[in-house]
Amino acid sequence: MGIIRSLHQVQIDPIAIFIRNAEVNYVECSRFIGKKHYVDDSMQGLELLLLEYGSEEYPPFVFTADDYHTMLLDQNYEKLAGRFYFFNCGESMRLTSFQYKDEQCRAAKEAGFVVPAWEVVEKGAFPKTLCYPVITKSISSNEGGWKKDVFVCNNEEELDNAYKKITASRLLLEEYVQKKCEITLHGFSVNAGQQVFIPFYSEDYVFSRTGFGNFLTFQPVENPSLLDRTIKLIQTLKYSGLFGIDMTMDKTGELLFFEINLRSDARNYGVTAGGANLPLLWAQTTIGEALPTDLSLRKKFYVVDEIPDIMRYKKNPWKWMSDLSRADVYLWYYKHDNAPIWRYFKSKMIKGAKKFFSRWH
């Protein structure tokens, strides 16, 4: 949704491919979509893309916002390269290999990031070198239950109980870090890291033990050492595209690498609202245009991902209202394109009504 709204700001209403019979899709309600295609599954979507597009005078840009479809394009790199611009690491399956958490950790460590100790284990195995507490992660977001496979375990008994709920067959066990806050770098890379632009980082002080929060402070990046390490990491991966690097700040103030998302981040619209339209800027620099020198970036502003935020505070709606009142940017509500958020609330009301009336049958 952030990509669509970012592009609309420069009078571009993109073409979108949706899968029929998927879960309730809020994005398809956006009035800023120029054309919609509906397919039965992802492979059919890829076939449609190759059949109907890619023979234009100038290659079109393909934006993906989830790991699976980013992987799908990477697996078909040879078919797409030269006909489309898309997120990639320069060759088939290279990006996919860096979706694995252990490969990310190794590359980040080589680039100079501090990385918590980790082990790769088969489901059911206990760590051999790590000390508790540990956090469990699917080895790749495309395997197992992804976020549902994340648990913080203080001992073997808790880890054994977690394995009963985890669906991934291989996991990355990592030393659990007591967090002061969580930070994400938002940016893009062109030509395998020859040009890297990171206008903002987001910071979150409200979070769970296993995930990031929903009320964020966005600020320009002013840490040369961090930028240097990021550029080195991107060049190691040979990555071109939008990205987000998630990090944790521990109680001592040290930044530790968490993961890198080689795709559009769900919160990238906050970057657009701050004065750096990442989808547009990535496209312009990819085709050889210079990065504008007159970007007017906001110094500090607040962004709320209001739907997950209300779920967090459903027992305390006043806290949610407080977040809304302090926010400068909303990721769901947009006065010129409010159908997606109303579709969400409508689906929740219908689901709640069905659950209520089912009790009477």
# chains A, B, ... in the order shown; residues from 1 in each chain; ligands from 1
$ closest_atom_pairs --of "region 47-90 of chain A" --to "region 246-265 of chain A" --cutoff "9 Å" --atoms "only C-alpha atoms" --output "JSON lines"
{"residue": "A:Phe63", "atom": "CA", "partner": "A:Ser264", "partner_atom": "CA", "distance": 7.4}
{"residue": "A:Thr64", "atom": "CA", "partner": "A:Arg263", "partner_atom": "CA", "distance": 6.3}
{"residue": "A:Ala65", "atom": "CA", "partner": "A:Ser264", "partner_atom": "CA", "distance": 5.0}
{"residue": "A:Asp66", "atom": "CA", "partner": "A:Arg263", "partner_atom": "CA", "distance": 6.9}
{"residue": "A:Asp67", "atom": "CA", "partner": "A:Arg263", "partner_atom": "CA", "distance": 7.1}
{"residue": "A:Thr70", "atom": "CA", "partner": "A:Arg263", "partner_atom": "CA", "distance": 6.8}
{"residue": "A:Phe87", "atom": "CA", "partner": "A:Arg263", "partner_atom": "CA", "distance": 6.7}
{"residue": "A:Asn88", "atom": "CA", "partner": "A:Leu262", "partner_atom": "CA", "distance": 8.3}
$ select_by_dssp --residues "region 281-355 of chain A" --states "strand (DSSP E)" --output "ChimeraX atom specification"
/A:301-304,329-330
$ write_last_selection --atoms "C-alpha atoms" --output "tab-separated table (two decimals), in the first residue's frame"
chain	number	residue	atom	x	y	z
A	301	PHE	CA	8.57	13.05	12.86
A	302	TYR	CA	6.31	10.33	14.23
A	303	VAL	CA	4.68	7.46	12.32
A	304	VAL	CA	2.06	5.02	13.57
A	329	VAL	CA	1.93	10.10	9.57
A	330	TYR	CA	-0.52	7.17	9.45
$ residues_around --residues "Val221 (chain A)" --least-positions-apart "2" --cutoff "9 Å" --atoms "only C-alpha atoms" --output "list in words"
Leu185, Ile198, Pro199, Phe200, Tyr201, Gln219, Asn223, Pro224, Leu226 and Leu227 of chain A
$ residues_around --residues "Lys300 (chain A)" --least-positions-apart "2" --cutoff "9 Å" --atoms "only C-alpha atoms" --output "list in words"
Thr217, Phe218, Gln219, Pro220, Gly274, Leu297, Arg298 and Tyr302 of chain A
$ closest_residue --among "A:Val150, A:Leu172, A:Ala16, A:Leu72" --to "Val120 (chain A)" --atoms "only C-alpha atoms"
A:Leu172
$ select_by_dssp --residues "region 169-346 of chain A" --states "helix (DSSP H, G or I)" --output "PyMOL selection string"
chain A and resi 224-237+268-273+278-286+306-312+317-326+339-346
